[in-house]
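Chemist: Data file structure07.tsv (TSV, N, CA and C atoms) is appended below.
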```tsv
chain	number	residue	atom	x	y	z
P	1	MET	N	-4.68	-26.52	-28.45
P	1	MET	CA	-5.41	-26.09	-27.27
P	1	MET	C	-4.47	-25.29	-26.38
P	2	PHE	N	-5.00	-24.22	-25.82
P	2	PHE	CA	-4.19	-23.43	-24.91
P	2	PHE	C	-5.05	-22.77	-23.85
P	3	ARG	N	-4.39	-22.28	-22.80
P	3	ARG	CA	-5.10	-21.65	-21.69
P	3	ARG	C	-5.77	-20.36	-22.15
P	4	ALA	N	-6.86	-20.03	-21.48
P	4	ALA	CA	-7.67	-18.86	-21.86
P	4	ALA	C	-7.20	-17.58	-21.18
P	5	THR	N	-5.93	-17.49	-20.83
P	5	THR	CA	-5.39	-16.32	-20.14
P	5	THR	C	-5.66	-15.03	-20.91
P	6	LYS	N	-5.39	-15.04	-22.20
P	6	LYS	CA	-5.60	-13.83	-23.00
P	6	LYS	C	-7.08	-13.45	-23.05
P	7	ILE	N	-7.94	-14.44	-23.11
P	7	ILE	CA	-9.38	-14.18	-23.19
P	7	ILE	C	-9.85	-13.44	-21.94
P	8	ALA	N	-9.34	-13.82	-20.77
P	8	ALA	CA	-9.70	-13.13	-19.54
P	8	ALA	C	-9.32	-11.65	-19.62
P	9	CYS	N	-8.17	-11.36	-20.19
P	9	CYS	CA	-7.74	-9.97	-20.36
P	9	CYS	C	-8.62	-9.24	-21.36
P	10	TYR	N	-8.99	-9.91	-22.44
P	10	TYR	CA	-9.87	-9.29	-23.43
P	10	TYR	C	-11.23	-8.97	-22.82
P	11	LEU	N	-11.72	-9.88	-21.98
P	11	LEU	CA	-13.01	-9.63	-21.31
P	11	LEU	C	-12.94	-8.39	-20.43
P	12	LYS	N	-11.83	-8.23	-19.69
P	12	LYS	CA	-11.66	-7.05	-18.83
P	12	LYS	C	-11.62	-5.77	-19.66
P	13	ALA	N	-10.84	-5.80	-20.72
P	13	ALA	CA	-10.68	-4.62	-21.57
P	13	ALA	C	-12.00	-4.21	-22.21
P	14	MET	N	-12.74	-5.18	-22.69
P	14	MET	CA	-13.99	-4.87	-23.37
P	14	MET	C	-15.09	-4.48	-22.38
P	15	LYS	N	-15.05	-5.04	-21.19
P	15	LYS	CA	-16.01	-4.63	-20.15
P	15	LYS	C	-15.81	-3.15	-19.83
P	16	ALA	N	-14.56	-2.71	-19.79
P	16	ALA	CA	-14.26	-1.30	-19.53
P	16	ALA	C	-14.81	-0.40	-20.63
P	17	ARG	N	-15.04	-0.97	-21.81
P	17	ARG	CA	-15.61	-0.23	-22.94
P	17	ARG	C	-17.12	-0.42	-23.05
P	18	GLY	N	-17.69	-1.11	-22.07
P	18	GLY	CA	-19.14	-1.31	-22.06
P	18	GLY	C	-19.64	-2.49	-22.88
P	19	VAL	N	-18.74	-3.39	-23.26
P	19	VAL	CA	-19.12	-4.56	-24.05
P	19	VAL	C	-19.29	-5.76	-23.11
P	20	ALA	N	-20.44	-6.41	-23.19
P	20	ALA	CA	-20.73	-7.56	-22.34
P	20	ALA	C	-19.97	-8.80	-22.80
P	21	ALA	N	-19.69	-9.68	-21.85
P	21	ALA	CA	-18.95	-10.91	-22.14
P	21	ALA	C	-19.66	-11.76	-23.19
P	22	ASP	N	-21.00	-11.83	-23.12
P	22	ASP	CA	-21.71	-12.67	-24.09
P	22	ASP	C	-21.59	-12.12	-25.51
P	23	GLN	N	-21.44	-10.81	-25.65
P	23	GLN	CA	-21.23	-10.23	-26.98
P	23	GLN	C	-19.84	-10.61	-27.51
P	24	LEU	N	-18.84	-10.48	-26.65
P	24	LEU	CA	-17.47	-10.76	-27.05
P	24	LEU	C	-17.28	-12.24	-27.39
P	25	LEU	N	-17.93	-13.12	-26.63
P	25	LEU	CA	-17.73	-14.55	-26.80
P	25	LEU	C	-18.77	-15.21	-27.71
P	26	ALA	N	-19.62	-14.41	-28.33
P	26	ALA	CA	-20.69	-14.95	-29.18
P	26	ALA	C	-20.14	-15.88	-30.26
P	27	GLY	N	-20.72	-17.05	-30.37
P	27	GLY	CA	-20.34	-18.00	-31.41
P	27	GLY	C	-19.05	-18.75	-31.17
P	28	THR	N	-18.43	-18.60	-30.01
P	28	THR	CA	-17.13	-19.24	-29.76
P	28	THR	C	-17.23	-20.50	-28.90
P	29	ASP	N	-18.36	-20.70	-28.25
P	29	ASP	CA	-18.53	-21.82	-27.30
P	29	ASP	C	-17.56	-21.75	-26.13
P	30	ILE	N	-17.08	-20.56	-25.81
P	30	ILE	CA	-16.22	-20.38	-24.64
P	30	ILE	C	-17.12	-20.12	-23.44
P	31	ASP	N	-16.88	-20.85	-22.37
P	31	ASP	CA	-17.68	-20.73	-21.15
P	31	ASP	C	-17.07	-19.63	-20.27
P	32	THR	N	-17.79	-18.53	-20.13
P	32	THR	CA	-17.30	-17.39	-19.35
P	32	THR	C	-16.92	-17.79	-17.93
P	33	ALA	N	-17.68	-18.69	-17.34
P	33	ALA	CA	-17.43	-19.10	-15.96
P	33	ALA	C	-16.11	-19.86	-15.81
P	34	LEU	N	-15.61	-20.42	-16.89
P	34	LEU	CA	-14.38	-21.23	-16.83
P	34	LEU	C	-13.13	-20.51	-17.30
P	35	VAL	N	-13.27	-19.34	-17.87
P	35	VAL	CA	-12.13	-18.62	-18.46
P	35	VAL	C	-10.99	-18.41	-17.46
P	36	GLY	N	-11.28	-18.16	-16.21
P	36	GLY	CA	-10.24	-17.90	-15.22
P	36	GLY	C	-9.55	-19.14	-14.68
P	37	ARG	N	-10.04	-20.31	-15.02
P	37	ARG	CA	-9.45	-21.54	-14.51
P	37	ARG	C	-8.21	-21.93	-15.31
P	38	GLU	N	-7.17	-22.34	-14.60
P	38	GLU	CA	-5.91	-22.70	-15.26
P	38	GLU	C	-6.04	-23.96	-16.11
P	39	ASP	N	-7.00	-24.81	-15.80
P	39	ASP	CA	-7.13	-26.06	-16.55
P	39	ASP	C	-8.13	-25.95	-17.71
P	40	TYR	N	-8.67	-24.75	-17.92
P	40	TYR	CA	-9.63	-24.56	-19.02
P	40	TYR	C	-8.87	-24.23	-20.29
P	41	LEU	N	-9.05	-25.05	-21.31
P	41	LEU	CA	-8.34	-24.87	-22.57
P	41	LEU	C	-9.31	-24.51	-23.68
P	42	ILE	N	-8.85	-23.67	-24.59
P	42	ILE	CA	-9.65	-23.31	-25.76
P	42	ILE	C	-8.84	-23.58	-27.01
P	43	SER	N	-9.53	-23.68	-28.12
P	43	SER	CA	-8.84	-23.94	-29.39
P	43	SER	C	-8.41	-22.62	-30.04
P	44	LEU	N	-7.55	-22.73	-31.02
P	44	LEU	CA	-7.12	-21.55	-31.77
P	44	LEU	C	-8.31	-20.95	-32.52
P	45	LYS	N	-9.20	-21.80	-33.00
P	45	LYS	CA	-10.40	-21.32	-33.69
P	45	LYS	C	-11.27	-20.49	-32.74
P	46	GLN	N	-11.40	-20.92	-31.49
P	46	GLN	CA	-12.16	-20.15	-30.51
P	46	GLN	C	-11.49	-18.80	-30.23
P	47	TYR	N	-10.18	-18.83	-30.10
P	47	TYR	CA	-9.43	-17.60	-29.85
P	47	TYR	C	-9.63	-16.61	-31.00
P	48	TYR	N	-9.49	-17.08	-32.23
P	48	TYR	CA	-9.68	-16.20	-33.38
P	48	TYR	C	-11.12	-15.71	-33.48
P	49	GLY	N	-12.07	-16.52	-33.00
P	49	GLY	CA	-13.46	-16.08	-32.97
P	49	GLY	C	-13.65	-14.89	-32.04
P	50	VAL	N	-12.98	-14.90	-30.90
P	50	VAL	CA	-13.04	-13.77	-29.97
P	50	VAL	C	-12.45	-12.53	-30.61
P	51	ILE	N	-11.32	-12.68	-31.28
P	51	ILE	CA	-10.68	-11.54	-31.96
P	51	ILE	C	-11.60	-10.99	-33.03
P	52	ALA	N	-12.21	-11.89	-33.79
P	52	ALA	CA	-13.13	-11.45	-34.86
P	52	ALA	C	-14.32	-10.69	-34.28
P	53	ASN	N	-14.77	-11.04	-33.10
P	53	ASN	CA	-15.86	-10.31	-32.44
P	53	ASN	C	-15.37	-8.98	-31.87
P	54	MET	N	-14.18	-9.01	-31.30
P	54	MET	CA	-13.68	-7.83	-30.57
P	54	MET	C	-13.44	-6.63	-31.49
P	55	ILE	N	-12.89	-6.86	-32.64
P	55	ILE	CA	-12.52	-5.74	-33.52
P	55	ILE	C	-13.72	-4.86	-33.88
P	56	PRO	N	-14.83	-5.42	-34.37
P	56	PRO	CA	-15.96	-4.53	-34.67
P	56	PRO	C	-16.66	-3.99	-33.42
P	57	LEU	N	-16.67	-4.78	-32.34
P	57	LEU	CA	-17.31	-4.30	-31.11
P	57	LEU	C	-16.55	-3.12	-30.50
P	58	ALA	N	-15.25	-3.12	-30.63
P	58	ALA	CA	-14.43	-2.06	-30.05
P	58	ALA	C	-14.54	-0.78	-30.85
P	59	ASP	N	-14.73	-0.91	-32.16
P	59	ASP	CA	-14.77	0.26	-33.05
P	59	ASP	C	-13.54	1.14	-32.83
P	60	ASP	N	-12.39	0.47	-32.71
P	60	ASP	CA	-11.14	1.16	-32.42
P	60	ASP	C	-10.00	0.38	-33.09
P	61	PRO	N	-9.36	0.94	-34.11
P	61	PRO	CA	-8.28	0.21	-34.78
P	61	PRO	C	-7.08	-0.06	-33.86
P	62	GLY	N	-6.98	0.63	-32.75
P	62	GLY	CA	-5.89	0.44	-31.80
P	62	GLY	C	-6.24	-0.46	-30.64
P	63	ILE	N	-7.29	-1.26	-30.78
P	63	ILE	CA	-7.74	-2.09	-29.66
P	63	ILE	C	-6.65	-3.04	-29.17
P	64	GLY	N	-5.80	-3.50	-30.06
P	64	GLY	CA	-4.72	-4.40	-29.64
P	64	GLY	C	-3.81	-3.77	-28.61
P	65	PHE	N	-3.55	-2.48	-28.74
P	65	PHE	CA	-2.72	-1.78	-27.76
P	65	PHE	C	-3.46	-1.64	-26.44
P	66	ALA	N	-4.75	-1.37	-26.51
P	66	ALA	CA	-5.55	-1.19	-25.29
P	66	ALA	C	-5.62	-2.48	-24.49
P	67	VAL	N	-5.87	-3.61	-25.15
P	67	VAL	CA	-5.99	-4.86	-24.40
P	67	VAL	C	-4.63	-5.32	-23.87
P	68	GLY	N	-3.55	-4.86	-24.47
P	68	GLY	CA	-2.22	-5.20	-23.99
P	68	GLY	C	-1.90	-4.62	-22.63
P	69	GLU	N	-2.67	-3.66	-22.19
P	69	GLU	CA	-2.45	-3.05	-20.88
P	69	GLU	C	-2.97	-3.93	-19.74
P	70	TYR	N	-3.83	-4.88	-20.03
P	70	TYR	CA	-4.51	-5.62	-18.99
P	70	TYR	C	-3.74	-6.79	-18.38
P	71	PRO	N	-3.04	-7.59	-19.14
P	71	PRO	CA	-2.38	-8.72	-18.47
P	71	PRO	C	-1.19	-8.26	-17.64
P	72	GLY	N	-1.03	-8.90	-16.51
P	72	GLY	CA	0.13	-8.67	-15.66
P	72	GLY	C	1.03	-9.88	-15.74
P	73	PHE	N	2.24	-9.77	-15.28
P	73	PHE	CA	3.15	-10.91	-15.32
P	73	PHE	C	2.58	-12.09	-14.53
P	74	ASN	N	1.83	-11.81	-13.47
P	74	ASN	CA	1.25	-12.90	-12.69
P	74	ASN	C	0.20	-13.68	-13.47
P	75	ASP	N	-0.37	-13.10	-14.53
P	75	ASP	CA	-1.32	-13.82	-15.37
P	75	ASP	C	-0.64	-14.93	-16.15
P	76	TYR	N	0.67	-14.88	-16.26
P	76	TYR	CA	1.42	-15.89	-17.00
P	76	TYR	C	2.18	-16.84	-16.09
P	77	GLY	N	1.79	-16.87	-14.81
P	77	GLY	CA	2.34	-17.84	-13.87
P	77	GLY	C	3.84	-17.77	-13.73
P	78	ILE	N	4.44	-18.93	-13.64
P	78	ILE	CA	5.87	-19.02	-13.40
P	78	ILE	C	6.70	-18.40	-14.53
P	79	VAL	N	6.19	-18.46	-15.75
P	79	VAL	CA	6.91	-17.85	-16.87
P	79	VAL	C	6.95	-16.33	-16.69
P	80	GLY	N	5.84	-15.74	-16.25
P	80	GLY	CA	5.81	-14.30	-16.00
P	80	GLY	C	6.80	-13.89	-14.93
P	81	TYR	N	6.87	-14.66	-13.85
P	81	TYR	CA	7.82	-14.34	-12.79
P	81	TYR	C	9.26	-14.54	-13.26
P	82	ALA	N	9.49	-15.54	-14.08
P	82	ALA	CA	10.84	-15.74	-14.63
P	82	ALA	C	11.23	-14.57	-15.52
P	83	MET	N	10.27	-14.05	-16.29
P	83	MET	CA	10.55	-12.89	-17.15
P	83	MET	C	10.92	-11.67	-16.31
P	84	ILE	N	10.21	-11.47	-15.20
P	84	ILE	CA	10.51	-10.34	-14.33
P	84	ILE	C	11.91	-10.45	-13.75
P	85	SER	N	12.33	-11.68	-13.44
P	85	SER	CA	13.62	-11.86	-12.79
P	85	SER	C	14.79	-11.90	-13.78
P	86	ALA	N	14.51	-11.83	-15.06
P	86	ALA	CA	15.59	-11.83	-16.06
P	86	ALA	C	16.47	-10.59	-15.87
P	87	ARG	N	17.74	-10.72	-16.25
P	87	ARG	CA	18.69	-9.61	-16.08
P	87	ARG	C	18.41	-8.43	-16.99
P	88	ASN	N	17.80	-8.69	-18.15
P	88	ASN	CA	17.54	-7.61	-19.09
P	88	ASN	C	16.40	-8.01	-20.02
P	89	LEU	N	16.00	-7.09	-20.88
P	89	LEU	CA	14.89	-7.33	-21.80
P	89	LEU	C	15.18	-8.49	-22.75
P	90	ARG	N	16.40	-8.60	-23.21
P	90	ARG	CA	16.76	-9.68	-24.13
P	90	ARG	C	16.53	-11.05	-23.48
P	91	GLU	N	16.96	-11.20	-22.23
P	91	GLU	CA	16.75	-12.47	-21.52
P	91	GLU	C	15.26	-12.72	-21.25
P	92	SER	N	14.54	-11.66	-20.95
P	92	SER	CA	13.12	-11.78	-20.70
P	92	SER	C	12.39	-12.28	-21.95
P	93	LEU	N	12.73	-11.70	-23.11
P	93	LEU	CA	12.11	-12.13	-24.36
P	93	LEU	C	12.52	-13.56	-24.73
P	94	ALA	N	13.75	-13.93	-24.42
P	94	ALA	CA	14.19	-15.30	-24.67
P	94	ALA	C	13.36	-16.28	-23.84
P	95	MET	N	13.06	-15.91	-22.62
P	95	MET	CA	12.22	-16.74	-21.75
P	95	MET	C	10.82	-16.87	-22.36
P	96	TRP	N	10.28	-15.76	-22.83
P	96	TRP	CA	8.96	-15.78	-23.47
P	96	TRP	C	8.97	-16.68	-24.70
P	97	ASN	N	9.97	-16.51	-25.55
P	97	ASN	CA	10.05	-17.31	-26.77
P	97	ASN	C	10.13	-18.80	-26.47
P	98	LYS	N	10.80	-19.15	-25.40
P	98	LYS	CA	10.99	-20.56	-25.05
P	98	LYS	C	9.70	-21.20	-24.53
P	99	TYR	N	8.92	-20.46	-23.73
P	99	TYR	CA	7.80	-21.09	-23.03
P	99	TYR	C	6.41	-20.59	-23.40
P	100	ALA	N	6.28	-19.52	-24.13
P	100	ALA	CA	4.96	-18.94	-24.40
P	100	ALA	C	4.03	-19.90	-25.13
P	101	ASN	N	4.54	-20.64	-26.07
P	101	ASN	CA	3.68	-21.53	-26.84
P	101	ASN	C	2.99	-22.56	-25.95
P	102	SER	N	3.73	-23.13	-24.99
P	102	SER	CA	3.11	-24.11	-24.09
P	102	SER	C	2.23	-23.44	-23.05
P	103	LEU	N	2.48	-22.17	-22.79
P	103	LEU	CA	1.72	-21.46	-21.78
P	103	LEU	C	0.37	-20.99	-22.30
P	104	ILE	N	0.37	-20.28	-23.40
P	104	ILE	CA	-0.89	-19.72	-23.90
P	104	ILE	C	-1.14	-20.04	-25.37
P	105	GLY	N	-0.28	-20.84	-25.95
P	105	GLY	CA	-0.49	-21.21	-27.35
P	105	GLY	C	-0.17	-20.11	-28.32
P	106	SER	N	0.66	-19.17	-27.91
P	106	SER	CA	0.99	-18.05	-28.78
P	106	SER	C	1.80	-18.53	-29.97
P	107	PRO	N	1.34	-18.28	-31.20
P	107	PRO	CA	2.10	-18.69	-32.37
P	107	PRO	C	3.18	-17.67	-32.74
P	108	MET	N	3.44	-16.73	-31.87
P	108	MET	CA	4.34	-15.63	-32.19
P	108	MET	C	5.57	-15.64	-31.28
P	109	TRP	N	6.71	-15.35	-31.82
P	109	TRP	CA	7.91	-15.13	-31.03
P	109	TRP	C	8.46	-13.77	-31.42
P	110	THR	N	9.33	-13.26	-30.59
P	110	THR	CA	9.87	-11.94	-30.85
P	110	THR	C	11.34	-11.89	-30.46
P	111	HIS	N	12.06	-10.97	-31.03
P	111	HIS	CA	13.46	-10.78	-30.66
P	111	HIS	C	13.84	-9.32	-30.87
P	112	ILE	N	14.98	-8.97	-30.33
P	112	ILE	CA	15.47	-7.61	-30.45
P	112	ILE	C	16.55	-7.58	-31.51
P	113	VAL	N	16.45	-6.64	-32.42
P	113	VAL	CA	17.47	-6.43	-33.43
P	113	VAL	C	18.32	-5.26	-32.94
P	114	ASP	N	19.62	-5.50	-32.75
P	114	ASP	CA	20.50	-4.44	-32.27
P	114	ASP	C	20.56	-3.30	-33.28
P	115	ALA	N	20.56	-2.09	-32.77
P	115	ALA	CA	20.63	-0.90	-33.61
P	115	ALA	C	21.97	-0.20	-33.36
P	116	ALA	N	22.29	0.69	-34.24
P	116	ALA	CA	23.51	1.48	-34.08
P	116	ALA	C	23.37	2.35	-32.82
P	117	PRO	N	24.48	2.70	-32.20
P	117	PRO	CA	24.42	3.55	-31.01
P	117	PRO	C	23.62	4.82	-31.28
P	118	GLY	N	22.76	5.15	-30.34
P	118	GLY	CA	21.94	6.35	-30.48
P	118	GLY	C	20.59	6.09	-31.11
P	119	TYR	N	20.36	4.86	-31.61
P	119	TYR	CA	19.07	4.52	-32.21
P	119	TYR	C	18.36	3.50	-31.31
P	120	PRO	N	17.05	3.56	-31.26
P	120	PRO	CA	16.32	2.62	-30.40
P	120	PRO	C	16.37	1.20	-30.97
P	121	PRO	N	16.27	0.19	-30.09
P	121	PRO	CA	16.23	-1.18	-30.60
P	121	PRO	C	14.95	-1.42	-31.39
P	122	HIS	N	14.99	-2.37	-32.27
P	122	HIS	CA	13.83	-2.73	-33.10
P	122	HIS	C	13.35	-4.11	-32.68
P	123	PHE	N	12.06	-4.22	-32.37
P	123	PHE	CA	11.48	-5.49	-32.01
P	123	PHE	C	10.81	-6.07	-33.24
P	124	SER	N	11.11	-7.32	-33.54
P	124	SER	CA	10.51	-7.89	-34.73
P	124	SER	C	9.88	-9.24	-34.42
P	125	SER	N	9.03	-9.66	-35.31
P	125	SER	CA	8.32	-10.92	-35.19
P	125	SER	C	8.08	-11.46	-36.59
P	126	PRO	N	8.08	-12.79	-36.75
P	126	PRO	CA	7.82	-13.33	-38.08
P	126	PRO	C	6.40	-13.09	-38.56
P	127	LEU	N	5.50	-12.67	-37.68
P	127	LEU	CA	4.12	-12.44	-38.08
P	127	LEU	C	3.87	-11.01	-38.53
P	128	GLN	N	4.86	-10.15	-38.40
P	128	GLN	CA	4.69	-8.78	-38.86
P	128	GLN	C	4.69	-8.73	-40.37
P	129	ALA	N	3.87	-7.84	-40.92
P	129	ALA	CA	3.81	-7.72	-42.39
P	129	ALA	C	4.96	-6.88	-42.88
```
Before anything else, please render the file you have as structure tokens.
Modeler:
Amino acid sequence: MFRATKIACYLKAMKARGVAADQLLAGTDIDTALVGREDYLISLKQYYGVIANMIPLADDPGIGFAVGEYPGFNDYGIVGYAMISARNLRESLAMWNKYANSLIGSPMWTHIVDAAPGYPPHFSSPLQA
């Protein structure tokens, strides 16, 4: 079980595309009125149900990038503010890796792979194919 923070962002993104909340949440048993509450928890199955609805409704293979624009650091409470106050991106990602699972139930962690001088850093995750 985890907080519905991401779902609130998905609702905003899809509303901007003209998709109603009831369409996005169809079959998930997620209560739209409770999504913004910090004590409202949803299951991983419910979360994946929203994703399964969102992809065909968006008709956009890049929808993941679009919805990523919506959450702000304040949506992640104290962890978000801690990430902002980190000295650099590496420390910020370390903060995320340490607390994200308890915050939103994210099964993903990420890290920076150092690159040779002149090359951009590479961000990786164990969930990448």
Chemist: Ranking P:Met95, P:Leu24, P:Leu44, P:Ala4 by minimum distance to P:Pro56 and counting only C-alpha atoms, which one comes first?
Modeler: P:Leu24
Chemist: For a test of reading the model, state the distance in Å between atom N of P:Lys45 and atom C of P:Thr28, rounded to one decimal.
Modeler: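 Separation between atom N of P:Lys45 and atom C of P:Thr28: 9.1 Å.
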Chemist: Using only C-alpha atoms, find the one residue out of P:Ala20, P:Ile7, P:Ile63, P:Ala26 that sits nearest to P:Ile42.
Modeler: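 Nearest candidate to P:Ile42 out of P:Ala20, P:Ile7, P:Ile63, P:Ala26: P:Ile7.
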Chemist: For P:Gly36, which of P:Gln23, P:Asn97, P:Thr5, P:Asn53 is the closest residue, counting only N, CA and C atoms?
Modeler: P:Thr5
Chemist: Just how far from atom C of P:Gly80 is atom CA of P:Ile30, in Å to one decimal?
Modeler: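 Distance between the two atoms: 25.8 Å.
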Chemist: Atom C of P:Met54 and atom N of P:Tyr81, how far apart in Å?
Modeler: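 Calculated distance between atom N of P:Tyr81 and atom C of P:Met54 is 28.1 Å.
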